[in-house]
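Data block for start.txt (compact mmCIF, N, CA and C atoms):
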# COMPACT_ATOMS: atom_id res chain seq x y z
N GLN Y 1 1.70 6.91 -12.02
CA GLN Y 1 0.49 6.20 -12.38
C GLN Y 1 0.65 4.74 -11.99
N VAL Y 2 -0.42 4.19 -11.43
CA VAL Y 2 -0.38 2.82 -10.95
C VAL Y 2 -0.77 1.85 -12.05
N HIS Y 3 0.02 0.81 -12.20
CA HIS Y 3 -0.32 -0.27 -13.11
C HIS Y 3 -0.24 -1.60 -12.37
N LEU Y 4 -1.22 -2.45 -12.59
CA LEU Y 4 -1.26 -3.79 -12.02
C LEU Y 4 -1.35 -4.77 -13.18
N VAL Y 5 -0.48 -5.76 -13.18
CA VAL Y 5 -0.46 -6.72 -14.27
C VAL Y 5 -0.54 -8.14 -13.70
N GLU Y 6 -1.63 -8.82 -14.03
CA GLU Y 6 -1.83 -10.20 -13.55
C GLU Y 6 -1.28 -11.21 -14.55
N SER Y 7 -0.95 -12.37 -14.03
CA SER Y 7 -0.54 -13.49 -14.86
C SER Y 7 -0.80 -14.77 -14.09
N GLY Y 8 -0.67 -15.90 -14.80
CA GLY Y 8 -0.79 -17.19 -14.12
C GLY Y 8 -2.08 -17.93 -14.34
N GLY Y 9 -3.02 -17.31 -15.01
CA GLY Y 9 -4.27 -18.01 -15.29
C GLY Y 9 -4.06 -19.13 -16.29
N GLY Y 10 -5.10 -19.94 -16.46
CA GLY Y 10 -5.01 -21.04 -17.41
C GLY Y 10 -6.17 -21.99 -17.25
N SER Y 11 -6.04 -23.13 -17.87
CA SER Y 11 -7.08 -24.17 -17.82
C SER Y 11 -6.56 -25.37 -17.06
N VAL Y 12 -7.34 -25.81 -16.08
CA VAL Y 12 -6.96 -26.98 -15.29
C VAL Y 12 -8.20 -27.85 -15.05
N GLN Y 13 -7.96 -29.07 -14.65
CA GLN Y 13 -9.07 -29.95 -14.28
C GLN Y 13 -9.41 -29.73 -12.82
N ALA Y 14 -10.62 -30.09 -12.48
CA ALA Y 14 -11.06 -29.98 -11.09
C ALA Y 14 -10.10 -30.72 -10.18
N GLY Y 15 -9.79 -30.08 -9.05
CA GLY Y 15 -8.83 -30.64 -8.11
C GLY Y 15 -7.42 -30.14 -8.32
N GLY Y 16 -7.20 -29.46 -9.43
CA GLY Y 16 -5.88 -28.95 -9.74
C GLY Y 16 -5.56 -27.64 -9.04
N SER Y 17 -4.39 -27.09 -9.35
CA SER Y 17 -3.92 -25.87 -8.70
C SER Y 17 -3.40 -24.87 -9.73
N LEU Y 18 -3.49 -23.61 -9.38
CA LEU Y 18 -2.88 -22.52 -10.14
C LEU Y 18 -2.38 -21.48 -9.16
N ARG Y 19 -1.36 -20.75 -9.58
CA ARG Y 19 -0.91 -19.61 -8.77
C ARG Y 19 -0.95 -18.36 -9.64
N LEU Y 20 -1.75 -17.41 -9.22
CA LEU Y 20 -1.84 -16.14 -9.92
C LEU Y 20 -0.84 -15.15 -9.32
N SER Y 21 -0.32 -14.28 -10.17
CA SER Y 21 0.59 -13.23 -9.73
C SER Y 21 0.09 -11.88 -10.20
N CYS Y 22 0.43 -10.85 -9.47
CA CYS Y 22 0.04 -9.48 -9.83
C CYS Y 22 1.19 -8.56 -9.47
N VAL Y 23 1.84 -8.02 -10.49
CA VAL Y 23 2.96 -7.11 -10.26
C VAL Y 23 2.45 -5.68 -10.28
N ALA Y 24 2.86 -4.92 -9.28
CA ALA Y 24 2.40 -3.53 -9.15
C ALA Y 24 3.52 -2.56 -9.43
N SER Y 25 3.20 -1.52 -10.18
CA SER Y 25 4.17 -0.48 -10.47
C SER Y 25 3.87 0.72 -9.58
N ILE Y 26 4.25 0.61 -8.31
CA ILE Y 26 4.08 1.71 -7.38
C ILE Y 26 5.38 1.90 -6.62
N TYR Y 27 5.55 3.09 -6.04
CA TYR Y 27 6.83 3.40 -5.41
C TYR Y 27 7.03 2.62 -4.11
N ASP Y 28 6.01 2.71 -3.22
CA ASP Y 28 6.13 2.08 -1.91
C ASP Y 28 5.09 0.97 -1.80
N TYR Y 29 5.55 -0.27 -1.78
CA TYR Y 29 4.64 -1.41 -1.79
C TYR Y 29 4.43 -1.99 -0.40
N ARG Y 30 5.23 -1.56 0.57
CA ARG Y 30 5.29 -2.26 1.85
C ARG Y 30 3.97 -2.27 2.60
N SER Y 31 3.22 -1.20 2.54
CA SER Y 31 2.00 -1.13 3.36
C SER Y 31 0.73 -1.16 2.53
N VAL Y 32 0.81 -1.70 1.34
CA VAL Y 32 -0.37 -1.69 0.48
C VAL Y 32 -1.44 -2.63 1.01
N CYS Y 33 -2.67 -2.35 0.61
CA CYS Y 33 -3.80 -3.23 0.85
C CYS Y 33 -4.29 -3.67 -0.52
N MET Y 34 -4.33 -4.96 -0.72
CA MET Y 34 -4.69 -5.47 -2.03
C MET Y 34 -5.66 -6.64 -1.92
N GLY Y 35 -6.29 -6.90 -3.03
CA GLY Y 35 -7.25 -7.98 -3.04
C GLY Y 35 -7.33 -8.67 -4.39
N TRP Y 36 -7.92 -9.83 -4.38
CA TRP Y 36 -8.23 -10.59 -5.60
C TRP Y 36 -9.75 -10.71 -5.73
N PHE Y 37 -10.21 -10.52 -6.94
CA PHE Y 37 -11.64 -10.65 -7.25
C PHE Y 37 -11.80 -11.61 -8.42
N HIS Y 38 -12.94 -12.24 -8.50
CA HIS Y 38 -13.26 -12.96 -9.73
C HIS Y 38 -14.59 -12.48 -10.28
N GLN Y 39 -14.69 -12.59 -11.59
CA GLN Y 39 -15.88 -12.10 -12.27
C GLN Y 39 -16.30 -13.07 -13.35
N ALA Y 40 -17.47 -13.63 -13.20
CA ALA Y 40 -18.03 -14.50 -14.22
C ALA Y 40 -18.73 -13.64 -15.27
N PRO Y 41 -18.89 -14.15 -16.48
CA PRO Y 41 -19.52 -13.36 -17.54
C PRO Y 41 -20.91 -12.87 -17.13
N GLY Y 42 -21.13 -11.58 -17.33
CA GLY Y 42 -22.43 -10.99 -17.03
C GLY Y 42 -22.69 -10.71 -15.58
N LYS Y 43 -21.68 -10.92 -14.72
CA LYS Y 43 -21.87 -10.69 -13.30
C LYS Y 43 -20.87 -9.68 -12.78
N LYS Y 44 -21.13 -9.16 -11.58
CA LYS Y 44 -20.23 -8.20 -10.98
C LYS Y 44 -19.03 -8.91 -10.36
N PRO Y 45 -17.91 -8.18 -10.18
CA PRO Y 45 -16.75 -8.78 -9.51
C PRO Y 45 -17.10 -9.17 -8.07
N VAL Y 46 -16.57 -10.30 -7.65
CA VAL Y 46 -16.79 -10.81 -6.30
C VAL Y 46 -15.45 -10.94 -5.60
N GLY Y 47 -15.36 -10.41 -4.39
CA GLY Y 47 -14.12 -10.48 -3.63
C GLY Y 47 -13.79 -11.91 -3.24
N VAL Y 48 -12.54 -12.29 -3.46
CA VAL Y 48 -12.07 -13.63 -3.14
C VAL Y 48 -11.18 -13.62 -1.91
N ALA Y 49 -10.23 -12.70 -1.89
CA ALA Y 49 -9.28 -12.63 -0.78
C ALA Y 49 -8.68 -11.24 -0.73
N SER Y 50 -8.26 -10.82 0.46
CA SER Y 50 -7.58 -9.53 0.61
C SER Y 50 -6.46 -9.66 1.62
N ILE Y 51 -5.52 -8.72 1.55
CA ILE Y 51 -4.41 -8.68 2.51
C ILE Y 51 -4.20 -7.23 2.88
N ASP Y 52 -4.09 -6.96 4.20
CA ASP Y 52 -3.97 -5.56 4.63
C ASP Y 52 -2.51 -5.18 4.87
N SER Y 53 -2.31 -3.96 5.39
CA SER Y 53 -0.95 -3.45 5.56
C SER Y 53 -0.14 -4.26 6.56
N ASN Y 54 -0.81 -4.95 7.45
CA ASN Y 54 -0.12 -5.78 8.44
C ASN Y 54 0.06 -7.22 7.99
N GLY Y 55 -0.40 -7.51 6.78
CA GLY Y 55 -0.30 -8.87 6.27
C GLY Y 55 -1.44 -9.77 6.68
N ARG Y 56 -2.46 -9.17 7.31
CA ARG Y 56 -3.60 -9.98 7.72
C ARG Y 56 -4.46 -10.29 6.51
N THR Y 57 -4.88 -11.52 6.41
CA THR Y 57 -5.62 -11.97 5.24
C THR Y 57 -7.09 -12.23 5.56
N THR Y 58 -7.92 -12.05 4.57
CA THR Y 58 -9.35 -12.29 4.66
C THR Y 58 -9.79 -13.05 3.42
N TYR Y 59 -10.70 -14.01 3.60
CA TYR Y 59 -11.14 -14.83 2.47
C TYR Y 59 -12.65 -14.91 2.40
N ALA Y 60 -13.14 -15.03 1.19
CA ALA Y 60 -14.55 -15.35 1.01
C ALA Y 60 -14.78 -16.78 1.49
N ASP Y 61 -15.96 -17.05 2.00
CA ASP Y 61 -16.25 -18.38 2.52
C ASP Y 61 -16.05 -19.46 1.46
N SER Y 62 -16.32 -19.13 0.23
CA SER Y 62 -16.27 -20.12 -0.85
C SER Y 62 -14.85 -20.63 -1.13
N VAL Y 63 -13.84 -19.89 -0.67
CA VAL Y 63 -12.46 -20.29 -0.98
C VAL Y 63 -11.63 -20.58 0.26
N LYS Y 64 -12.19 -20.41 1.44
CA LYS Y 64 -11.43 -20.67 2.67
C LYS Y 64 -10.92 -22.10 2.69
N GLY Y 65 -9.64 -22.21 3.04
CA GLY Y 65 -9.02 -23.53 3.10
C GLY Y 65 -8.48 -24.02 1.77
N ARG Y 66 -8.83 -23.32 0.69
CA ARG Y 66 -8.35 -23.73 -0.63
C ARG Y 66 -7.42 -22.69 -1.26
N PHE Y 67 -7.69 -21.41 -1.02
CA PHE Y 67 -6.91 -20.33 -1.62
C PHE Y 67 -6.06 -19.65 -0.55
N THR Y 68 -4.89 -19.15 -0.97
CA THR Y 68 -4.02 -18.41 -0.07
C THR Y 68 -3.51 -17.16 -0.78
N ILE Y 69 -3.74 -16.01 -0.16
CA ILE Y 69 -3.22 -14.75 -0.69
C ILE Y 69 -1.94 -14.40 0.05
N SER Y 70 -0.98 -13.87 -0.68
CA SER Y 70 0.29 -13.47 -0.07
C SER Y 70 0.92 -12.39 -0.93
N LYS Y 71 1.93 -11.73 -0.40
CA LYS Y 71 2.63 -10.73 -1.20
C LYS Y 71 4.11 -10.72 -0.87
N ASP Y 72 4.90 -10.39 -1.86
CA ASP Y 72 6.36 -10.28 -1.75
C ASP Y 72 6.69 -8.81 -1.93
N ASN Y 73 7.04 -8.14 -0.84
CA ASN Y 73 7.29 -6.71 -0.91
C ASN Y 73 8.48 -6.37 -1.80
N ALA Y 74 9.51 -7.19 -1.76
CA ALA Y 74 10.71 -6.92 -2.56
C ALA Y 74 10.40 -6.98 -4.06
N LYS Y 75 9.50 -7.88 -4.43
CA LYS Y 75 9.15 -8.03 -5.85
C LYS Y 75 7.91 -7.23 -6.22
N LYS Y 76 7.30 -6.59 -5.23
CA LYS Y 76 6.07 -5.81 -5.46
C LYS Y 76 5.03 -6.67 -6.17
N THR Y 77 4.89 -7.87 -5.66
CA THR Y 77 4.02 -8.85 -6.31
C THR Y 77 3.05 -9.46 -5.32
N LEU Y 78 1.81 -9.53 -5.74
CA LEU Y 78 0.73 -10.17 -4.98
C LEU Y 78 0.48 -11.54 -5.61
N TYR Y 79 0.20 -12.52 -4.76
CA TYR Y 79 -0.05 -13.88 -5.25
C TYR Y 79 -1.41 -14.38 -4.77
N LEU Y 80 -1.94 -15.32 -5.53
CA LEU Y 80 -3.11 -16.08 -5.08
C LEU Y 80 -2.86 -17.54 -5.45
N GLN Y 81 -2.55 -18.33 -4.44
CA GLN Y 81 -2.38 -19.77 -4.64
C GLN Y 81 -3.76 -20.41 -4.55
N MET Y 82 -4.15 -21.09 -5.60
CA MET Y 82 -5.48 -21.70 -5.67
C MET Y 82 -5.32 -23.21 -5.76
N ASN Y 83 -5.78 -23.89 -4.74
CA ASN Y 83 -5.72 -25.36 -4.71
C ASN Y 83 -7.13 -25.94 -4.71
N SER Y 84 -7.21 -27.22 -5.00
CA SER Y 84 -8.50 -27.93 -5.02
C SER Y 84 -9.53 -27.15 -5.82
N LEU Y 85 -9.15 -26.74 -6.99
CA LEU Y 85 -10.02 -25.91 -7.81
C LEU Y 85 -11.28 -26.64 -8.23
N LYS Y 86 -12.36 -25.88 -8.31
CA LYS Y 86 -13.66 -26.41 -8.69
C LYS Y 86 -14.15 -25.72 -9.96
N PRO Y 87 -15.03 -26.34 -10.71
CA PRO Y 87 -15.56 -25.68 -11.92
C PRO Y 87 -16.17 -24.32 -11.62
N GLU Y 88 -16.77 -24.16 -10.46
CA GLU Y 88 -17.39 -22.88 -10.12
C GLU Y 88 -16.36 -21.78 -9.83
N ASP Y 89 -15.08 -22.14 -9.75
CA ASP Y 89 -14.03 -21.14 -9.61
C ASP Y 89 -13.68 -20.50 -10.95
N SER Y 90 -14.19 -21.04 -12.03
CA SER Y 90 -13.89 -20.51 -13.35
C SER Y 90 -14.39 -19.07 -13.47
N ALA Y 91 -13.51 -18.17 -13.88
CA ALA Y 91 -13.86 -16.75 -13.99
C ALA Y 91 -12.63 -15.99 -14.44
N MET Y 92 -12.83 -14.71 -14.70
CA MET Y 92 -11.71 -13.80 -14.89
C MET Y 92 -11.30 -13.34 -13.49
N TYR Y 93 -10.02 -13.39 -13.20
CA TYR Y 93 -9.51 -12.98 -11.91
C TYR Y 93 -8.75 -11.67 -12.04
N TYR Y 94 -9.07 -10.73 -11.13
CA TYR Y 94 -8.46 -9.42 -11.13
C TYR Y 94 -7.78 -9.15 -9.79
N CYS Y 95 -6.63 -8.51 -9.82
CA CYS Y 95 -6.08 -7.98 -8.58
C CYS Y 95 -6.45 -6.50 -8.50
N ALA Y 96 -6.52 -6.01 -7.28
CA ALA Y 96 -6.94 -4.63 -7.06
C ALA Y 96 -6.15 -4.03 -5.90
N LEU Y 97 -5.98 -2.72 -5.94
CA LEU Y 97 -5.20 -1.99 -4.95
C LEU Y 97 -6.04 -0.86 -4.35
N ARG Y 98 -6.06 -0.78 -3.03
CA ARG Y 98 -6.77 0.32 -2.38
C ARG Y 98 -5.94 1.60 -2.47
N ASP Y 99 -6.63 2.73 -2.54
CA ASP Y 99 -5.97 4.02 -2.58
C ASP Y 99 -5.77 4.52 -1.16
N ALA Y 100 -4.83 3.90 -0.44
CA ALA Y 100 -4.61 4.25 0.96
C ALA Y 100 -3.17 3.94 1.33
N ASP Y 101 -2.56 4.79 2.17
CA ASP Y 101 -1.19 4.54 2.60
C ASP Y 101 -1.12 3.40 3.60
N TYR Y 102 -2.22 3.19 4.33
CA TYR Y 102 -2.27 2.14 5.34
C TYR Y 102 -3.71 1.73 5.54
N CYS Y 103 -3.94 0.46 5.73
CA CYS Y 103 -5.28 0.02 6.06
C CYS Y 103 -5.20 -1.27 6.85
N SER Y 104 -6.23 -1.50 7.62
CA SER Y 104 -6.29 -2.68 8.47
C SER Y 104 -7.66 -3.32 8.34
N GLY Y 105 -7.68 -4.62 8.16
CA GLY Y 105 -8.96 -5.31 8.08
C GLY Y 105 -9.12 -6.05 6.77
N GLY Y 106 -10.34 -6.55 6.55
CA GLY Y 106 -10.65 -7.26 5.33
C GLY Y 106 -11.43 -6.38 4.38
N PHE Y 107 -11.11 -6.47 3.11
CA PHE Y 107 -11.75 -5.62 2.12
C PHE Y 107 -12.11 -6.48 0.91
N LEU Y 108 -13.35 -6.88 0.81
CA LEU Y 108 -13.80 -7.76 -0.26
C LEU Y 108 -14.89 -7.13 -1.11
N GLU Y 109 -15.05 -5.82 -1.01
CA GLU Y 109 -16.05 -5.12 -1.81
C GLU Y 109 -15.38 -4.35 -2.94
N GLU Y 110 -15.97 -4.45 -4.12
CA GLU Y 110 -15.41 -3.79 -5.30
C GLU Y 110 -15.18 -2.30 -5.08
N ALA Y 111 -16.11 -1.64 -4.42
CA ALA Y 111 -16.04 -0.19 -4.24
C ALA Y 111 -14.89 0.25 -3.34
N GLU Y 112 -14.27 -0.69 -2.64
CA GLU Y 112 -13.19 -0.35 -1.72
C GLU Y 112 -11.84 -0.23 -2.43
N TYR Y 113 -11.82 -0.50 -3.71
CA TYR Y 113 -10.56 -0.50 -4.46
C TYR Y 113 -10.61 0.53 -5.58
N LYS Y 114 -9.45 1.16 -5.81
CA LYS Y 114 -9.38 2.19 -6.85
C LYS Y 114 -8.69 1.69 -8.12
N TYR Y 115 -7.66 0.88 -7.95
CA TYR Y 115 -6.85 0.48 -9.10
C TYR Y 115 -7.05 -1.02 -9.37
N TRP Y 116 -7.14 -1.35 -10.65
CA TRP Y 116 -7.43 -2.71 -11.08
C TRP Y 116 -6.51 -3.15 -12.21
N GLY Y 117 -6.18 -4.43 -12.22
CA GLY Y 117 -5.44 -4.98 -13.33
C GLY Y 117 -6.37 -5.35 -14.48
N GLN Y 118 -5.78 -5.92 -15.52
CA GLN Y 118 -6.56 -6.25 -16.71
C GLN Y 118 -7.20 -7.62 -16.63
N GLY Y 119 -6.79 -8.42 -15.66
CA GLY Y 119 -7.41 -9.72 -15.45
C GLY Y 119 -6.67 -10.87 -16.09
N THR Y 120 -6.87 -12.05 -15.53
CA THR Y 120 -6.32 -13.28 -16.09
C THR Y 120 -7.40 -14.36 -15.96
N GLN Y 121 -7.60 -15.13 -17.02
CA GLN Y 121 -8.70 -16.08 -17.07
C GLN Y 121 -8.33 -17.41 -16.42
N VAL Y 122 -9.22 -17.90 -15.60
CA VAL Y 122 -9.08 -19.23 -14.98
C VAL Y 122 -10.26 -20.08 -15.42
N THR Y 123 -9.97 -21.25 -15.97
CA THR Y 123 -11.01 -22.17 -16.40
C THR Y 123 -10.76 -23.53 -15.76
N VAL Y 124 -11.75 -24.02 -15.05
CA VAL Y 124 -11.64 -25.31 -14.37
C VAL Y 124 -12.67 -26.26 -14.97
N SER Y 125 -12.20 -27.35 -15.51
CA SER Y 125 -13.10 -28.31 -16.13
C SER Y 125 -13.37 -29.48 -15.18
N SER Y 126 -14.55 -30.03 -15.31
CA SER Y 126 -14.93 -31.14 -14.43
C SER Y 126 -14.49 -32.50 -14.99
What would the structure in this file look like if it were written as C-alpha cells?
Amino acid sequence: QVHLVESGGGSVQAGGSLRLSCVASIYDYRSVCMGWFHQAPGKKPVGVASIDSNGRTTYADSVKGRFTISKDNAKKTLYLQMNSLKPEDSAMYYCALRDADYCSGGFLEEAEYKYWGQGTQVTVSS
C-alpha cells in the first residue's frame, strides 16, 4: 500500500521561502512520476509542479521561476522549494503519485494521479 507523507509547511512573510518534502512508502521510487498541488478552501486542487520518470519538470505559470520540484531517489523523497512566496500561494499543499511504472511529460491535472498525501499548510502573510 502506498503512503505519501508531506512536511515542511508553515507561516512565512511575503518574499520568504519554504521547502516542502514528501516521503513515499513504495518499493521502487526510481521511475516515479509525481506532482505537487495546492488547494485553497472551497476550491479544487491545482497543479503546481510535476516531475516525470526522466526527471523532466513542469510548472504552472504562476510559479515558474519561483518554485523548484526535485526528488531524491535514495531517500524516496519529493521536494518543492518555494521562493519569493506571495500571499496568493497560501493553501494546503499535497504531493501526489501517478499509478504508472514509467511516464514522460508534464502532469498537472488532479485526475492524472492516484495516490495523495494528507497535505501540509502553507500560509504567506503580506
Practice problem: Taking the chain letters and numbering used in this document, name the residues of chain Y that DSSP puts in strand (DSSP E or B), as a PyMOL selection string. | Solution: chain Y and resi 4-7+10-13+18-24+34-39+46-51+57-59+67-72+77-82+91-97+115-116+120-125
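With all atoms listed in the file as the atoms that count, the minimum distance from Ser90 in chain Y to the choices Y:Val32, Y:Val5, Y:Val48, Y:Val122 is reached by Y:Val122.
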Self-check item: Exercise: Met82 in chain Y partners within 6.5 Å, all atoms listed in the file, chain neighbours under 6 positions left out, as an MDAnalysis selection string
Solution: chainID Y and resid 16:20 66:68
Written file, previous selection with N, CA and C atoms, as a PDB file, in the coordinates of the input:
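Dumped everything to selection32.pdb:
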ATOM      1  N   GLY Y  16      -7.200 -29.460  -9.430  1.00  0.00           N
ATOM      2  CA  GLY Y  16      -5.880 -28.950  -9.740  1.00  0.00           C
ATOM      3  C   GLY Y  16      -5.560 -27.640  -9.040  1.00  0.00           C
ATOM      4  N   SER Y  17      -4.390 -27.090  -9.350  1.00  0.00           N
ATOM      5  CA  SER Y  17      -3.920 -25.870  -8.700  1.00  0.00           C
ATOM      6  C   SER Y  17      -3.400 -24.870  -9.730  1.00  0.00           C
ATOM      7  N   LEU Y  18      -3.490 -23.610  -9.380  1.00  0.00           N
ATOM      8  CA  LEU Y  18      -2.880 -22.520 -10.140  1.00  0.00           C
ATOM      9  C   LEU Y  18      -2.380 -21.480  -9.160  1.00  0.00           C
ATOM     10  N   ARG Y  19      -1.360 -20.750  -9.580  1.00  0.00           N
ATOM     11  CA  ARG Y  19      -0.910 -19.610  -8.770  1.00  0.00           C
ATOM     12  C   ARG Y  19      -0.950 -18.360  -9.640  1.00  0.00           C
ATOM     13  N   LEU Y  20      -1.750 -17.410  -9.220  1.00  0.00           N
ATOM     14  CA  LEU Y  20      -1.840 -16.140  -9.920  1.00  0.00           C
ATOM     15  C   LEU Y  20      -0.840 -15.150  -9.320  1.00  0.00           C
ATOM     16  N   ARG Y  66      -8.830 -23.320   0.690  1.00  0.00           N
ATOM     17  CA  ARG Y  66      -8.350 -23.730  -0.630  1.00  0.00           C
ATOM     18  C   ARG Y  66      -7.420 -22.690  -1.260  1.00  0.00           C
ATOM     19  N   PHE Y  67      -7.690 -21.410  -1.020  1.00  0.00           N
ATOM     20  CA  PHE Y  67      -6.910 -20.330  -1.620  1.00  0.00           C
ATOM     21  C   PHE Y  67      -6.060 -19.650  -0.550  1.00  0.00           C
ATOM     22  N   THR Y  68      -4.890 -19.150  -0.970  1.00  0.00           N
ATOM     23  CA  THR Y  68      -4.020 -18.410  -0.070  1.00  0.00           C
ATOM     24  C   THR Y  68      -3.510 -17.160  -0.780  1.00  0.00           C
TER      25      THR Y  68
END
Quiz item: Quick one: of Y:Lys114, Y:Lys76, Y:Gly47, Y:Glu6, who's nearest to Asp99 in chain Y, counting only C-alpha atoms?
Solution: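 The closest residue to Asp99 in chain Y is Y:Lys114.
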Quiz item: Excluding same-chain residues fewer than 6 positions from range 43-45 of chain Y, what lies within 8 Å of it counting only N, CA and C atoms, as JSON, numbers by chain?
Solution: {"Y": [36, 37, 108, 109, 110]}
Quiz item: How far is it from CA of Tyr93 in chain Y to CA of Val12 in chain Y, in Å with one decimal?
Solution: 14.6 Å
Quiz item: Which residue gives the smallest distance to Gly117 in chain Y among Y:Gly10, Y:Gly65, Y:Gly35, Y:Pro41, with only C-alpha atoms counted?
Solution: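 Answer, going by the shortest atom-to-atom distance: Y:Gly35.
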Practice problem: Write out as a list in words the residues lying within 7 Å of Cys103 in chain Y, counting all atoms listed in the file and excluding same-chain residues fewer than 2 positions away. | Solution: Ser31, Val32, Cys33, Asp52, Ser53, Asn54, Ala100, Asp101 and Gly105 of chain Y
Self-check item: For Asn83 in chain Y, the nearest of the candidates Y:Ser104, Y:Gly55, Y:Lys64, Y:Ser21, counting only C-alpha atoms
Solution: Y:Lys64
Practice problem: Select, from Y:Val124, Y:Tyr94, Y:Gln118, Y:Val63, the residue with the minimum atom-to-atom distance to Leu4 in chain Y, counting only N, CA and C atoms. | Solution: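 Residue with the minimum atom-to-atom distance to Leu4 in chain Y: Y:Gln118.
The coordinates place CA of His3 in chain Y at 13.8 Å from atom N of Met34 in chain Y.
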Quiz prompt | Length of the CA of Ile51 in chain Y to CA of Val23 in chain Y vector [Å] | solution =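 These two atoms are separated by 14.8 Å.
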Quiz prompt | DSSP-assigned helix (DSSP H, G or I) members of range 28-123 of chain Y, reported as a VMD selection string | solution = chain Y and resid 87 to 89 110 to 112
What box, with edges along x, y and z, holds each listed atom of range 32-47 of chain Y when 6 Å is added on every side, and can you state its centre and edge lengths in Å to one decimal, as JSON?
{"center_x": -10.9, "center_y": -8.1, "center_z": -8.1, "size_x": 35.5, "size_y": 24.8, "size_z": 30.9}
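The residue set within 10 Å of Glu88 in chain Y, counting only C-alpha atoms and dropping same-chain residues fewer than 2 places from it, reads Y:Ala14, Y:Ala40, Y:Ser62, Y:Leu85, Y:Lys86, Y:Ser90, Y:Ala91, Y:Thr123, Y:Val124, Y:Ser125, Y:Ser126.
Between Leu78 in chain Y and the residues Y:Thr57, Y:Tyr102, Y:Ala24, Y:Ser11, the shortest atom-to-atom distance, using all atoms listed in the file, involves Y:Ala24.
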Because the input lacks atoms here, generate all heavy atoms for range 5-10 of chain Y and report them as a PDB file, in the frame of the given file.
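out.pdb written:
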ATOM      1  N   VAL Y   5      -0.480  -5.760 -13.180  1.00  0.00           N
ATOM      2  CA  VAL Y   5      -0.460  -6.720 -14.270  1.00  0.00           C
ATOM      3  C   VAL Y   5      -0.540  -8.140 -13.700  1.00  0.00           C
ATOM      4  O   VAL Y   5       0.378  -8.586 -13.011  1.00  0.00           O
ATOM      5  CB  VAL Y   5       0.810  -6.581 -15.131  1.00  0.00           C
ATOM      6  CG1 VAL Y   5       0.802  -7.603 -16.254  1.00  0.00           C
ATOM      7  CG2 VAL Y   5       0.911  -5.159 -15.678  1.00  0.00           C
ATOM      8  N   GLU Y   6      -1.630  -8.820 -14.030  1.00  0.00           N
ATOM      9  CA  GLU Y   6      -1.830 -10.200 -13.550  1.00  0.00           C
ATOM     10  C   GLU Y   6      -1.280 -11.210 -14.550  1.00  0.00           C
ATOM     11  O   GLU Y   6      -1.181 -10.931 -15.747  1.00  0.00           O
ATOM     12  CB  GLU Y   6      -3.323 -10.520 -13.350  1.00  0.00           C
ATOM     13  CG  GLU Y   6      -4.060  -9.631 -12.379  1.00  0.00           C
ATOM     14  CD  GLU Y   6      -4.826  -8.540 -13.078  1.00  0.00           C
ATOM     15  OE1 GLU Y   6      -4.403  -8.137 -14.185  1.00  0.00           O
ATOM     16  OE2 GLU Y   6      -5.849  -8.082 -12.525  1.00  0.00           O
ATOM     17  N   SER Y   7      -0.950 -12.370 -14.030  1.00  0.00           N
ATOM     18  CA  SER Y   7      -0.540 -13.490 -14.860  1.00  0.00           C
ATOM     19  C   SER Y   7      -0.800 -14.770 -14.090  1.00  0.00           C
ATOM     20  O   SER Y   7      -1.091 -14.738 -12.894  1.00  0.00           O
ATOM     21  CB  SER Y   7       0.936 -13.383 -15.252  1.00  0.00           C
ATOM     22  OG  SER Y   7       1.752 -13.421 -14.101  1.00  0.00           O
ATOM     23  N   GLY Y   8      -0.670 -15.900 -14.800  1.00  0.00           N
ATOM     24  CA  GLY Y   8      -0.790 -17.190 -14.120  1.00  0.00           C
ATOM     25  C   GLY Y   8      -2.080 -17.930 -14.340  1.00  0.00           C
ATOM     26  O   GLY Y   8      -2.217 -19.069 -13.893  1.00  0.00           O
ATOM     27  N   GLY Y   9      -3.020 -17.310 -15.010  1.00  0.00           N
ATOM     28  CA  GLY Y   9      -4.270 -18.010 -15.290  1.00  0.00           C
ATOM     29  C   GLY Y   9      -4.060 -19.130 -16.290  1.00  0.00           C
ATOM     30  O   GLY Y   9      -3.005 -19.275 -16.889  1.00  0.00           O
ATOM     31  N   GLY Y  10      -5.100 -19.940 -16.460  1.00  0.00           N
ATOM     32  CA  GLY Y  10      -5.010 -21.040 -17.410  1.00  0.00           C
ATOM     33  C   GLY Y  10      -6.170 -21.990 -17.250  1.00  0.00           C
ATOM     34  O   GLY Y  10      -7.153 -21.678 -16.575  1.00  0.00           O
TER      35      GLY Y  10
END
